[in-house]
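Data block for final-v4.cif (mmCIF, C-alpha atoms):
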data_run
#
loop_
_atom_site.label_atom_id
_atom_site.label_comp_id
_atom_site.auth_asym_id
_atom_site.auth_seq_id
_atom_site.Cartn_x
_atom_site.Cartn_y
_atom_site.Cartn_z
CA MET D 1291 -5.53 5.56 -51.80
CA ALA D 1292 -4.30 7.28 -48.66
CA THR D 1293 -0.58 7.04 -48.01
CA GLN D 1294 0.07 5.32 -44.70
CA LYS D 1295 1.64 7.72 -42.23
CA HIS D 1296 5.26 7.32 -41.31
CA TYR D 1297 6.21 7.83 -37.66
CA LYS D 1298 9.71 8.41 -36.32
CA LEU D 1299 10.18 7.79 -32.60
CA HIS D 1300 13.26 9.49 -31.17
CA TYR D 1301 14.78 8.18 -27.95
CA PHE D 1302 18.06 7.05 -26.46
CA ASP D 1303 19.42 3.58 -27.28
CA GLY D 1304 17.45 1.78 -24.60
CA ARG D 1305 14.00 0.63 -23.61
CA GLY D 1306 13.43 3.14 -20.75
CA ARG D 1307 10.62 5.60 -21.42
CA ALA D 1308 10.20 4.57 -25.06
CA GLU D 1309 9.51 0.85 -24.87
CA GLN D 1310 5.83 1.26 -23.90
CA ILE D 1311 5.38 3.58 -26.89
CA ARG D 1312 7.18 1.09 -29.17
CA TRP D 1313 4.69 -1.61 -28.10
CA ILE D 1314 1.84 0.70 -29.20
CA LEU D 1315 3.49 1.27 -32.61
CA VAL D 1316 4.20 -2.44 -33.02
CA GLN D 1317 0.77 -3.69 -31.99
CA GLY D 1318 -0.92 -0.99 -34.09
CA GLY D 1319 0.91 -2.16 -37.20
CA ALA D 1320 2.37 1.29 -37.81
CA ARG D 1321 5.04 2.10 -40.38
CA TRP D 1322 7.71 3.57 -38.07
CA GLU D 1323 11.38 4.18 -37.51
CA ASP D 1324 13.12 3.48 -34.23
CA ARG D 1325 15.56 6.40 -34.06
CA ARG D 1326 18.11 5.74 -31.30
CA ILE D 1327 20.24 8.65 -30.18
CA LYS D 1328 23.71 8.22 -28.68
CA GLN D 1329 24.24 9.97 -25.36
CA SER D 1330 27.23 11.77 -26.92
CA ASP D 1331 25.01 13.23 -29.69
CA TRP D 1332 22.25 14.38 -27.34
CA PRO D 1333 23.56 17.87 -26.45
CA ALA D 1334 23.62 18.85 -30.14
CA ILE D 1335 20.16 17.39 -30.79
CA LYS D 1336 18.40 18.66 -27.67
CA PRO D 1337 17.74 22.26 -28.87
CA ASN D 1338 15.86 20.94 -31.90
CA THR D 1339 13.43 18.81 -29.89
CA PRO D 1340 9.96 20.13 -28.96
CA ILE D 1341 10.61 20.52 -25.23
CA GLY D 1342 14.23 19.48 -24.75
CA SER D 1343 13.43 15.93 -23.71
CA LEU D 1344 13.07 12.41 -25.11
CA PRO D 1345 11.08 10.58 -26.30
CA TYR D 1346 9.37 12.62 -28.97
CA LEU D 1347 7.56 11.68 -32.17
CA GLU D 1348 8.08 13.08 -35.66
CA ILE D 1349 5.36 12.88 -38.33
CA GLY D 1350 6.25 14.67 -41.54
CA SER D 1351 7.00 18.27 -40.52
CA GLU D 1352 5.37 17.90 -37.10
CA LYS D 1353 6.99 16.95 -33.80
CA ILE D 1354 5.13 15.88 -30.67
CA ALA D 1355 6.29 15.66 -27.06
CA THR D 1356 5.58 14.59 -24.20
CA SER D 1357 5.66 10.81 -23.84
CA ALA D 1358 2.06 10.93 -22.52
CA ALA D 1359 0.85 12.99 -25.48
CA VAL D 1360 2.75 10.74 -27.90
CA ALA D 1361 1.27 7.58 -26.39
CA MET D 1362 -2.31 8.86 -26.43
CA PHE D 1363 -1.85 10.28 -29.94
CA LEU D 1364 -0.61 6.97 -31.31
CA ALA D 1365 -3.33 5.04 -29.48
CA ARG D 1366 -5.95 7.19 -31.21
CA GLU D 1367 -4.25 6.99 -34.60
CA LEU D 1368 -3.81 3.21 -34.45
CA GLY D 1369 -7.18 2.19 -33.02
CA LEU D 1370 -5.81 1.38 -29.56
CA ALA D 1371 -7.52 4.13 -27.60
CA ALA D 1372 -11.17 3.46 -26.91
CA VAL D 1373 -14.64 3.89 -28.32
CA ASN D 1374 -15.83 6.81 -26.21
CA HIS D 1375 -14.56 9.69 -24.06
CA LEU D 1376 -15.02 7.82 -20.79
CA GLU D 1377 -13.03 4.76 -21.86
CA GLU D 1378 -10.39 7.01 -23.35
CA ALA D 1379 -10.08 8.69 -19.94
CA GLN D 1380 -9.66 5.27 -18.34
CA VAL D 1381 -6.92 4.42 -20.83
CA GLN D 1382 -5.17 7.68 -19.96
CA MET D 1383 -5.57 7.02 -16.22
CA MET D 1384 -3.84 3.65 -16.71
CA TRP D 1385 -1.03 5.41 -18.56
CA ASP D 1386 -0.63 8.01 -15.78
CA VAL D 1387 -0.65 5.47 -12.96
CA THR D 1388 1.89 3.35 -14.86
CA GLN D 1389 4.20 6.34 -15.38
CA ASP D 1390 3.94 7.23 -11.72
CA VAL D 1391 5.30 3.79 -10.79
CA PHE D 1392 7.95 3.97 -13.51
CA ASN D 1393 9.02 7.39 -12.21
CA GLN D 1394 9.49 6.00 -8.71
CA PHE D 1395 11.75 3.32 -10.14
CA ALA D 1396 13.70 5.88 -12.19
CA LYS D 1397 14.09 8.10 -9.12
CA ALA D 1398 15.54 5.17 -7.18
CA ALA D 1399 17.77 4.07 -10.05
CA TYR D 1400 19.38 7.52 -10.31
CA ALA D 1401 19.43 8.31 -6.58
CA PRO D 1402 22.68 9.01 -4.71
CA PRO D 1403 24.07 5.93 -2.93
CA GLU D 1404 22.99 7.08 0.55
CA THR D 1405 19.27 7.08 -0.32
CA GLN D 1406 19.15 4.49 -3.08
CA ALA D 1407 18.58 1.38 -0.96
CA ASP D 1408 15.59 2.94 0.83
CA LEU D 1409 14.05 4.16 -2.43
CA LEU D 1410 14.46 0.76 -4.11
CA GLN D 1411 12.96 -0.90 -1.05
CA ALA D 1412 9.96 1.46 -1.14
CA TYR D 1413 9.56 0.78 -4.85
CA SER D 1414 9.66 -3.00 -4.43
CA THR D 1415 7.59 -3.34 -1.29
CA VAL D 1416 5.12 -0.45 -1.55
CA ALA D 1417 4.77 1.20 -4.97
CA MET D 1418 4.89 -1.91 -7.15
CA PRO D 1419 2.63 -4.12 -4.97
CA LYS D 1420 0.11 -1.26 -4.82
CA TYR D 1421 0.25 -1.01 -8.62
CA VAL D 1422 -0.25 -4.75 -9.05
CA THR D 1423 -3.30 -4.61 -6.74
CA PHE D 1424 -4.65 -1.71 -8.80
CA ILE D 1425 -4.25 -3.67 -12.04
CA ALA D 1426 -5.81 -6.78 -10.51
CA LYS D 1427 -8.82 -4.74 -9.43
CA HIS D 1428 -9.41 -3.69 -13.04
CA LEU D 1429 -9.36 -7.34 -14.15
CA GLU D 1430 -11.94 -8.46 -11.59
CA GLY D 1431 -14.91 -10.37 -12.91
CA GLY D 1432 -12.79 -12.28 -15.40
CA ASN D 1433 -12.04 -9.44 -17.81
CA ASP D 1434 -9.28 -10.25 -20.27
CA TRP D 1435 -8.41 -6.58 -20.82
CA LEU D 1436 -8.22 -3.50 -18.62
CA VAL D 1437 -10.59 -1.06 -20.33
CA GLY D 1438 -13.93 -1.88 -21.98
CA ASN D 1439 -12.90 -5.55 -22.14
CA LYS D 1440 -11.02 -5.08 -25.39
CA LEU D 1441 -7.33 -4.72 -26.09
CA SER D 1442 -6.18 -1.11 -25.73
CA MET D 1443 -3.05 0.88 -25.11
CA ALA D 1444 -3.68 0.40 -21.39
CA ASP D 1445 -2.90 -3.32 -21.63
CA LEU D 1446 0.23 -2.71 -23.68
CA VAL D 1447 1.79 -0.13 -21.36
CA CYS D 1448 0.95 -2.03 -18.17
CA ALA D 1449 2.28 -5.32 -19.55
CA SER D 1450 5.40 -3.62 -20.87
CA LEU D 1451 6.25 -2.18 -17.45
CA LEU D 1452 5.38 -5.38 -15.57
CA ASP D 1453 7.37 -7.52 -17.99
CA SER D 1454 10.50 -5.45 -17.38
CA GLN D 1455 10.63 -6.26 -13.66
CA GLN D 1456 13.30 -8.53 -12.25
CA GLY D 1457 13.92 -10.78 -9.25
CA ALA D 1458 11.61 -10.59 -6.24
CA VAL D 1459 9.46 -7.89 -7.84
CA ASN D 1460 8.87 -10.16 -10.80
CA GLN D 1461 8.02 -13.05 -8.47
CA GLY D 1462 5.48 -10.84 -6.69
CA ILE D 1463 3.80 -10.09 -10.02
CA ARG D 1464 3.81 -13.78 -11.01
CA ALA D 1465 2.03 -14.62 -7.74
CA VAL D 1466 -1.03 -12.60 -8.80
CA LYS D 1467 -2.60 -14.86 -11.41
CA SER D 1468 -4.91 -12.38 -13.15
CA VAL D 1469 -2.07 -9.88 -13.58
CA SER D 1470 0.54 -12.36 -14.79
CA ALA D 1471 -2.08 -13.77 -17.19
CA LEU D 1472 -2.55 -10.26 -18.63
CA VAL D 1473 1.19 -9.91 -19.16
CA ASP D 1474 1.30 -13.29 -20.92
CA ARG D 1475 -1.75 -12.46 -23.03
CA VAL D 1476 -0.10 -9.26 -24.28
CA LYS D 1477 3.27 -10.94 -24.89
CA GLN D 1478 1.55 -13.63 -26.96
CA LEU D 1479 0.03 -11.12 -29.37
CA PRO D 1480 1.84 -11.98 -32.63
CA ASN D 1481 3.17 -8.46 -33.23
CA ILE D 1482 4.44 -8.08 -29.67
CA SER D 1483 5.90 -11.57 -29.52
CA LYS D 1484 7.81 -10.90 -32.73
CA TRP D 1485 9.03 -7.52 -31.45
CA ILE D 1486 10.34 -8.98 -28.19
CA ALA D 1487 12.18 -11.71 -30.09
CA ASN D 1488 13.82 -9.24 -32.48
CA ARG D 1489 14.22 -5.93 -30.63
CA PRO D 1490 17.73 -4.52 -30.38
CA PRO D 1491 19.66 -5.54 -27.28
CA SER D 1492 20.32 -2.63 -24.92
CA ASP D 1493 21.74 -1.92 -21.48
CA TYR D 1494 18.46 -0.65 -20.02
CA MET O 1113 -33.93 15.35 -25.73
CA ALA O 1114 -30.61 14.27 -24.25
CA THR O 1115 -30.14 15.04 -20.58
CA GLN O 1116 -27.12 17.28 -20.04
CA LYS O 1117 -24.45 15.42 -18.11
CA HIS O 1118 -23.73 16.37 -14.55
CA TYR O 1119 -20.09 16.45 -13.43
CA LYS O 1120 -18.85 16.48 -9.84
CA LEU O 1121 -15.28 17.62 -9.34
CA HIS O 1122 -13.79 16.48 -6.02
CA TYR O 1123 -10.83 18.36 -4.57
CA PHE O 1124 -9.65 20.06 -1.41
CA ASP O 1125 -10.93 23.53 -0.53
CA GLY O 1126 -8.39 25.39 -2.62
CA ARG O 1127 -7.40 26.24 -6.15
CA GLY O 1128 -4.24 24.07 -6.32
CA ARG O 1129 -4.47 21.21 -8.82
CA ALA O 1130 -8.19 21.73 -9.47
CA GLU O 1131 -8.42 25.33 -10.62
CA GLN O 1132 -7.24 24.60 -14.17
CA ILE O 1133 -9.92 21.90 -14.44
CA ARG O 1134 -12.54 24.27 -13.03
CA TRP O 1135 -11.70 26.76 -15.80
CA ILE O 1136 -12.39 24.02 -18.37
CA LEU O 1137 -15.76 23.23 -16.78
CA VAL O 1138 -16.65 26.90 -16.54
CA GLN O 1139 -15.63 27.85 -20.08
CA GLY O 1140 -17.30 24.71 -21.47
CA GLY O 1141 -20.61 25.72 -19.92
CA ALA O 1142 -20.85 22.40 -18.04
CA ARG O 1143 -23.42 21.60 -15.40
CA TRP O 1144 -21.09 20.78 -12.50
CA GLU O 1145 -20.63 20.68 -8.75
CA ASP O 1146 -17.55 22.01 -7.01
CA ARG O 1147 -17.13 19.44 -4.21
CA ARG O 1148 -14.61 20.73 -1.68
CA ILE O 1149 -13.24 18.26 0.84
CA LYS O 1150 -11.96 19.28 4.27
CA GLN O 1151 -8.48 18.05 5.12
CA SER O 1152 -9.95 16.44 8.25
CA ASP O 1153 -12.41 14.39 6.16
CA TRP O 1154 -9.80 13.22 3.65
CA PRO O 1155 -8.55 10.05 5.39
CA ALA O 1156 -12.11 8.65 5.47
CA ILE O 1157 -12.78 9.59 1.83
CA LYS O 1158 -9.44 8.51 0.33
CA PRO O 1159 -10.16 4.73 0.09
CA ASN O 1160 -13.25 5.43 -2.03
CA THR O 1161 -11.41 7.49 -4.64
CA PRO O 1162 -10.15 5.89 -7.89
CA ILE O 1163 -6.44 6.05 -7.08
CA GLY O 1164 -6.25 7.58 -3.60
CA SER O 1165 -5.63 11.12 -4.80
CA LEU O 1166 -7.42 14.36 -5.64
CA PRO O 1167 -8.74 15.77 -7.89
CA TYR O 1168 -11.06 13.20 -9.41
CA LEU O 1169 -14.25 13.53 -11.42
CA GLU O 1170 -17.57 11.77 -10.84
CA ILE O 1171 -20.13 11.32 -13.65
CA GLY O 1172 -23.12 9.23 -12.61
CA SER O 1173 -21.72 5.92 -11.41
CA GLU O 1174 -18.28 6.51 -12.96
CA LYS O 1175 -15.22 8.06 -11.38
CA ILE O 1176 -12.15 9.28 -13.26
CA ALA O 1177 -8.66 10.10 -12.02
CA THR O 1178 -5.92 11.42 -12.77
CA SER O 1179 -6.01 15.20 -13.15
CA ALA O 1180 -4.53 14.81 -16.67
CA ALA O 1181 -7.17 12.26 -17.69
CA VAL O 1182 -9.92 14.41 -16.17
CA ALA O 1183 -8.74 17.53 -17.98
CA MET O 1184 -8.46 15.83 -21.38
CA PHE O 1185 -11.80 14.04 -20.87
CA LEU O 1186 -13.60 17.30 -20.09
CA ALA O 1187 -11.90 19.09 -22.95
CA ARG O 1188 -13.22 16.43 -25.35
CA GLU O 1189 -16.69 16.41 -23.80
CA LEU O 1190 -17.02 20.20 -23.82
CA GLY O 1191 -15.56 20.98 -27.25
CA LEU O 1192 -12.30 22.39 -25.89
CA ALA O 1193 -9.94 19.72 -27.18
CA ALA O 1194 -9.18 20.02 -30.86
CA VAL O 1195 -10.36 18.99 -34.28
CA ASN O 1196 -7.84 16.22 -35.05
CA HIS O 1197 -5.42 13.83 -33.34
CA LEU O 1198 -2.41 16.03 -33.95
CA GLU O 1199 -3.92 19.14 -32.39
CA GLU O 1200 -5.25 17.07 -29.51
CA ALA O 1201 -1.68 15.87 -28.89
CA GLN O 1202 -0.52 19.49 -28.88
CA VAL O 1203 -3.22 20.34 -26.32
CA GLN O 1204 -2.05 17.46 -24.15
CA MET O 1205 1.58 18.52 -24.52
CA MET O 1206 0.63 22.00 -23.26
CA TRP O 1207 -1.13 20.38 -20.31
CA ASP O 1208 1.92 18.21 -19.49
CA VAL O 1209 4.41 21.05 -19.74
CA THR O 1210 2.16 23.21 -17.54
CA GLN O 1211 1.90 20.48 -14.90
CA ASP O 1212 5.64 20.04 -14.93
CA VAL O 1213 6.09 23.70 -14.00
CA PHE O 1214 3.30 23.50 -11.43
CA ASN O 1215 4.95 20.42 -9.89
CA GLN O 1216 8.22 22.29 -9.51
CA PHE O 1217 6.39 25.02 -7.65
CA ALA O 1218 4.59 22.48 -5.43
CA LYS O 1219 7.88 20.73 -4.69
CA ALA O 1220 9.39 24.03 -3.57
CA ALA O 1221 6.31 25.03 -1.57
CA TYR O 1222 6.40 21.79 0.45
CA ALA O 1223 10.19 21.49 0.71
CA PRO O 1224 12.00 21.41 4.06
CA PRO O 1225 13.34 24.84 5.11
CA GLU O 1226 16.98 23.99 4.29
CA THR O 1227 16.26 23.44 0.57
CA GLN O 1228 13.21 25.64 0.05
CA ALA O 1229 14.97 28.89 -0.84
CA ASP O 1230 17.06 27.22 -3.56
CA LEU O 1231 14.05 25.43 -5.03
CA LEU O 1232 11.95 28.61 -5.10
CA GLN O 1233 14.85 30.45 -6.70
CA ALA O 1234 15.18 27.76 -9.40
CA TYR O 1235 11.44 27.92 -9.99
CA SER O 1236 11.39 31.73 -10.34
CA THR O 1237 14.56 32.19 -12.35
CA VAL O 1238 14.76 29.02 -14.45
CA ALA O 1239 11.58 26.93 -14.69
CA MET O 1240 9.04 29.73 -15.02
CA PRO O 1241 11.04 31.90 -17.47
CA LYS O 1242 11.63 28.79 -19.61
CA TYR O 1243 7.90 28.09 -19.55
CA VAL O 1244 7.04 31.67 -20.53
CA THR O 1245 9.49 31.44 -23.46
CA PHE O 1246 7.86 28.17 -24.50
CA ILE O 1247 4.39 29.72 -24.44
CA ALA O 1248 5.61 32.80 -26.34
CA LYS O 1249 7.05 30.54 -29.04
CA HIS O 1250 3.62 29.00 -29.60
CA LEU O 1251 2.09 32.46 -30.04
CA GLU O 1252 4.61 33.57 -32.67
CA GLY O 1253 3.20 34.94 -35.89
CA GLY O 1254 0.41 36.75 -34.11
CA ASN O 1255 -1.68 33.74 -33.08
CA ASP O 1256 -4.33 34.56 -30.51
CA TRP O 1257 -4.48 30.98 -29.21
CA LEU O 1258 -1.94 28.27 -28.56
CA VAL O 1259 -3.23 25.37 -30.66
CA GLY O 1260 -4.81 25.56 -34.12
CA ASN O 1261 -5.44 29.26 -33.57
CA LYS O 1262 -8.70 28.63 -31.75
CA LEU O 1263 -9.52 28.63 -28.05
CA SER O 1264 -8.78 25.25 -26.44
CA MET O 1265 -8.08 23.75 -23.06
CA ALA O 1266 -4.41 24.62 -23.64
CA ASP O 1267 -5.14 28.35 -23.35
CA LEU O 1268 -7.23 27.87 -20.23
CA VAL O 1269 -4.71 25.81 -18.28
CA CYS O 1270 -1.73 27.98 -19.26
CA ALA O 1271 -3.56 31.19 -18.40
CA SER O 1272 -4.80 29.75 -15.12
CA LEU O 1273 -1.28 28.86 -14.01
CA LEU O 1274 0.24 32.13 -15.21
CA ASP O 1275 -2.51 34.18 -13.58
CA SER O 1276 -1.80 32.60 -10.19
CA GLN O 1277 1.79 33.88 -10.06
CA GLN O 1278 2.79 36.64 -7.66
CA GLY O 1279 5.47 39.28 -7.25
CA ALA O 1280 8.59 39.21 -9.42
CA VAL O 1281 7.42 36.08 -11.27
CA ASN O 1282 4.23 37.86 -12.22
CA GLN O 1283 6.23 40.90 -13.35
CA GLY O 1284 8.37 38.64 -15.54
CA ILE O 1285 5.24 37.29 -17.22
CA ARG O 1286 3.82 40.79 -17.70
CA ALA O 1287 7.03 41.81 -19.48
CA VAL O 1288 6.36 39.32 -22.30
CA LYS O 1289 3.56 41.02 -24.21
CA SER O 1290 2.24 38.09 -26.22
CA VAL O 1291 2.00 35.92 -23.12
CA SER O 1292 0.39 38.52 -20.88
CA ALA O 1293 -2.05 39.29 -23.71
CA LEU O 1294 -3.02 35.60 -23.79
CA VAL O 1295 -3.69 35.65 -20.05
CA ASP O 1296 -5.84 38.76 -20.42
CA ARG O 1297 -7.70 37.30 -23.39
CA VAL O 1298 -8.63 34.20 -21.39
CA LYS O 1299 -9.58 36.17 -18.29
CA GLN O 1300 -11.86 38.35 -20.40
CA LEU O 1301 -13.90 35.40 -21.65
CA PRO O 1302 -17.32 36.07 -20.07
CA ASN O 1303 -17.54 32.68 -18.32
CA ILE O 1304 -14.02 32.89 -16.91
CA SER O 1305 -14.38 36.54 -15.90
CA LYS O 1306 -17.57 35.70 -14.01
CA TRP O 1307 -15.94 32.67 -12.34
CA ILE O 1308 -12.95 34.69 -11.14
CA ALA O 1309 -15.25 37.36 -9.70
CA ASN O 1310 -17.38 34.81 -7.84
CA ARG O 1311 -15.16 31.83 -6.97
CA PRO O 1312 -14.92 30.92 -3.30
CA PRO O 1313 -12.04 32.53 -1.43
CA SER O 1314 -9.38 30.03 -0.33
CA ASP O 1315 -5.95 29.94 1.29
CA TYR O 1316 -4.19 28.47 -1.75
#
Write out the structure in this file as structure tokens.
Amino acid sequence: MATQKHYKLHYFDGRGRAEQIRWILVQGGARWEDRRIKQSDWPAIKPNTPIGSLPYLEIGSEKIATSAAVAMFLARELGLAAVNHLEEAQVQMMWDVTQDVFNQFAKAAYAPPETQADLLQAYSTVAMPKYVTFIAKHLEGGNDWLVGNKLSMADLVCASLLDSQQGAVNQGIRAVKSVSALVDRVKQLPNISKWIANRPPSDY
Amino acid sequence: MATQKHYKLHYFDGRGRAEQIRWILVQGGARWEDRRIKQSDWPAIKPNTPIGSLPYLEIGSEKIATSAAVAMFLARELGLAAVNHLEEAQVQMMWDVTQDVFNQFAKAAYAPPETQADLLQAYSTVAMPKYVTFIAKHLEGGNDWLVGNKLSMADLVCASLLDSQQGAVNQGIRAVKSVSALVDRVKQLPNISKWIANRPPSDY
């Protein structure tokens, strides 16, 4: 009998760039540890990470960065990638587009005060609506899922980002029925629903 | 007999973000078209691309963006990815780290005059030397290739970026023997050598 692999995901004590990856681990039924690093411990830990950044994944003696490589790796390991090269490319495209939107939010969140309002405005009124339209386009024709009409990592990462939005941005998402239905469909998956109910509270 | 697939790579008339992907197509012996779009034609073409950006790949009726998804897709199709999930993740990590360095160069190249000198300086003296050290680390122990000690997409994209560097940056790369040997090894592959000798001249 094969021993089930044990994954350790290393990240700060927050959702941030790790939460989408956690949803993949959770939905895939992986045996995993949620290693949360204190900001004060990070300088000592950083030199021992694969590329000096978080998140990264540890499997036995191996360590994998970047977040994109970790996400695609886990999707393949846990049966959440796709059945052929073309669908796998579509899954990765969804990941990349999602990170691009996330990065625009992160840029705004950490911007100096004099540019922050403009960046947040551009995020809320341009980047996010464009993303929602993009997702809606991939659900046209009544598809329940984004790639190959079966649940994949693409659905998990998109729903995870969309679900984290607040206020007017969240209302804008809710107004697009196909997209808000996707978010609900993912959140109602038993593993995800249980994770959301029990995940550690955090500031971000 | 299976018909060999036909790939069309769409990009501007330059090396830029497409050259690394072209090296994958060339080394993989693909049947492909090098579609080069004039800047003046781009506004009309943009709405018909998968996510409004270049490069993208066309295969029959399918179109794939992003450059990362295209690169990994072609690597898998053409036998230049890797033999297991873990090595494939390492190949993707090499891609991501390489793009990160490329993006820092692009940011400097398109920066306003008042910040450009500082950004170019940071690229030349921090980002690129760090990248070269990273590559050298993966060649330790006398490996000829970056992942699994066999030629993969990782070698092609790293060598393509490193080979495009000029002046003092190029001299810095040449000073690290294992890294400059990797670049030479890739450039001496018959398909790559022929491509470099015959590729269209371009401004960037």
Selection result for the PyMOL selection byres ((chain D) within 9 of (chain O)) on this file, as JSON, numbers by chain
{"D": [1341, 1352, 1354, 1355, 1356, 1357, 1358, 1359, 1360, 1362, 1363, 1364, 1366, 1367, 1375, 1376, 1378, 1379, 1380, 1381, 1382, 1383, 1384, 1386, 1387, 1424]}
Running the PyMOL selection byres ((chain O and resi 1135) around 8) on this model by hand, what would come out? Give it as a list in words.
Glu1131, Gln1132, Ile1133, Arg1134, Ile1136, Leu1137, Val1138, Gln1139, Leu1268, Val1269, Ser1272 and Ile1304 of chain O
Residue selection dump (C-alpha atoms) as an mmCIF file, keeping the file's coordinate frame:
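Just written: out.cif:
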data_model
loop_
_atom_site.group_PDB
_atom_site.id
_atom_site.type_symbol
_atom_site.label_atom_id
_atom_site.label_comp_id
_atom_site.auth_asym_id
_atom_site.auth_seq_id
_atom_site.Cartn_x
_atom_site.Cartn_y
_atom_site.Cartn_z
ATOM 1 C CA GLU O 1131 -8.420 25.330 -10.620
ATOM 2 C CA GLN O 1132 -7.240 24.600 -14.170
ATOM 3 C CA ILE O 1133 -9.920 21.900 -14.440
ATOM 4 C CA ARG O 1134 -12.540 24.270 -13.030
ATOM 5 C CA ILE O 1136 -12.390 24.020 -18.370
ATOM 6 C CA LEU O 1137 -15.760 23.230 -16.780
ATOM 7 C CA VAL O 1138 -16.650 26.900 -16.540
ATOM 8 C CA GLN O 1139 -15.630 27.850 -20.080
ATOM 9 C CA LEU O 1268 -7.230 27.870 -20.230
ATOM 10 C CA VAL O 1269 -4.710 25.810 -18.280
ATOM 11 C CA SER O 1272 -4.800 29.750 -15.120
ATOM 12 C CA ILE O 1304 -14.020 32.890 -16.910
#
Exercise: region 1318-1326 of chain D partners within 8 Å, only C-alpha atoms, chain neighbours under 4 positions left out, as a PyMOL selection string
chain D and resi 1294-1304+1314+1365+1368-1370+1481
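A straight line drawn from CA of Gly1260 (chain O) to CA of Arg1129 (chain O) is 25.7 Å long.
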Using only C-alpha atoms, which residues sit within 12 Å of Asn1393 (chain D) once same-chain residues fewer than 6 positions away are excluded, as a ChimeraX atom specification?
/D:1306-1307,1386-1387,1399-1401,1409-1410,1413,1417-1418,1451
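Among D:Cys1448, D:Val1466, D:Ala1308, D:Val1459, the residue with the shortest atom-to-atom distance to Ser1414 (chain D), counting all atoms listed in the file, is D:Val1459.
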The distance between CA of Asp1434 (chain D) and CA of Gln1394 (chain D) is 27.4 Å
Using all atoms listed in the file, which of O:Thr1210, O:Ala1280, O:Pro1155, O:Val1195 sits nearest Gln1233 (chain O)?
O:Ala1280
Computed interatomic separation between CA of Ala1426 (chain D) and CA of Val1469 (chain D) (Å):
5.7 Å
Between D:Ile1463, D:Ala1449, D:Leu1429, D:Val1473, which one has atoms that come closest to Thr1415 (chain D), using only C-alpha atoms?
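Closest residue, counting only C-alpha atoms: D:Ile1463.
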Pick from O:Gln1151, O:Asp1230, O:Ser1290, O:Pro1224, whichever lies nearest to Lys1249 (chain O) using all atoms listed in the file
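For Lys1249 (chain O), the nearest of the candidates is O:Ser1290.
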Add whatever atoms are absent from region 1239-1250 of chain O to reach N, CA and C atoms, and provide the output as an mmCIF file, in the coordinates of the input.
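File written: rebuild.cif
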data_model
loop_
_atom_site.group_PDB
_atom_site.id
_atom_site.type_symbol
_atom_site.label_atom_id
_atom_site.label_comp_id
_atom_site.auth_asym_id
_atom_site.auth_seq_id
_atom_site.Cartn_x
_atom_site.Cartn_y
_atom_site.Cartn_z
ATOM 1 N N ALA O 1239 12.735 27.682 -14.175
ATOM 2 C CA ALA O 1239 11.580 26.930 -14.690
ATOM 3 C C ALA O 1239 10.518 27.847 -15.280
ATOM 4 N N MET O 1240 10.121 28.875 -14.540
ATOM 5 C CA MET O 1240 9.040 29.730 -15.020
ATOM 6 C C MET O 1240 9.448 30.568 -16.241
ATOM 7 N N PRO O 1241 10.639 31.183 -16.248
ATOM 8 C CA PRO O 1241 11.040 31.900 -17.470
ATOM 9 C C PRO O 1241 11.109 30.985 -18.706
ATOM 10 N N LYS O 1242 11.574 29.752 -18.504
ATOM 11 C CA LYS O 1242 11.630 28.790 -19.610
ATOM 12 C C LYS O 1242 10.211 28.491 -20.116
ATOM 13 N N TYR O 1243 9.297 28.359 -19.190
ATOM 14 C CA TYR O 1243 7.900 28.090 -19.550
ATOM 15 C C TYR O 1243 7.306 29.268 -20.326
ATOM 16 N N VAL O 1244 7.572 30.475 -19.859
ATOM 17 C CA VAL O 1244 7.040 31.670 -20.530
ATOM 18 C C VAL O 1244 7.596 31.761 -21.957
ATOM 19 N N THR O 1245 8.882 31.448 -22.119
ATOM 20 C CA THR O 1245 9.490 31.440 -23.460
ATOM 21 C C THR O 1245 8.819 30.399 -24.352
ATOM 22 N N PHE O 1246 8.540 29.249 -23.769
ATOM 23 C CA PHE O 1246 7.860 28.170 -24.500
ATOM 24 C C PHE O 1246 6.479 28.618 -24.971
ATOM 25 N N ILE O 1247 5.729 29.248 -24.081
ATOM 26 C CA ILE O 1247 4.390 29.720 -24.440
ATOM 27 C C ILE O 1247 4.495 30.797 -25.537
ATOM 28 N N ALA O 1248 5.433 31.718 -25.358
ATOM 29 C CA ALA O 1248 5.610 32.800 -26.340
ATOM 30 C C ALA O 1248 5.905 32.231 -27.728
ATOM 31 N N LYS O 1249 6.703 31.175 -27.772
ATOM 32 C CA LYS O 1249 7.050 30.540 -29.040
ATOM 33 C C LYS O 1249 5.803 30.036 -29.772
ATOM 34 N N HIS O 1250 4.848 29.533 -28.986
ATOM 35 C CA HIS O 1250 3.620 29.000 -29.600
ATOM 36 C C HIS O 1250 2.635 30.101 -29.986
#
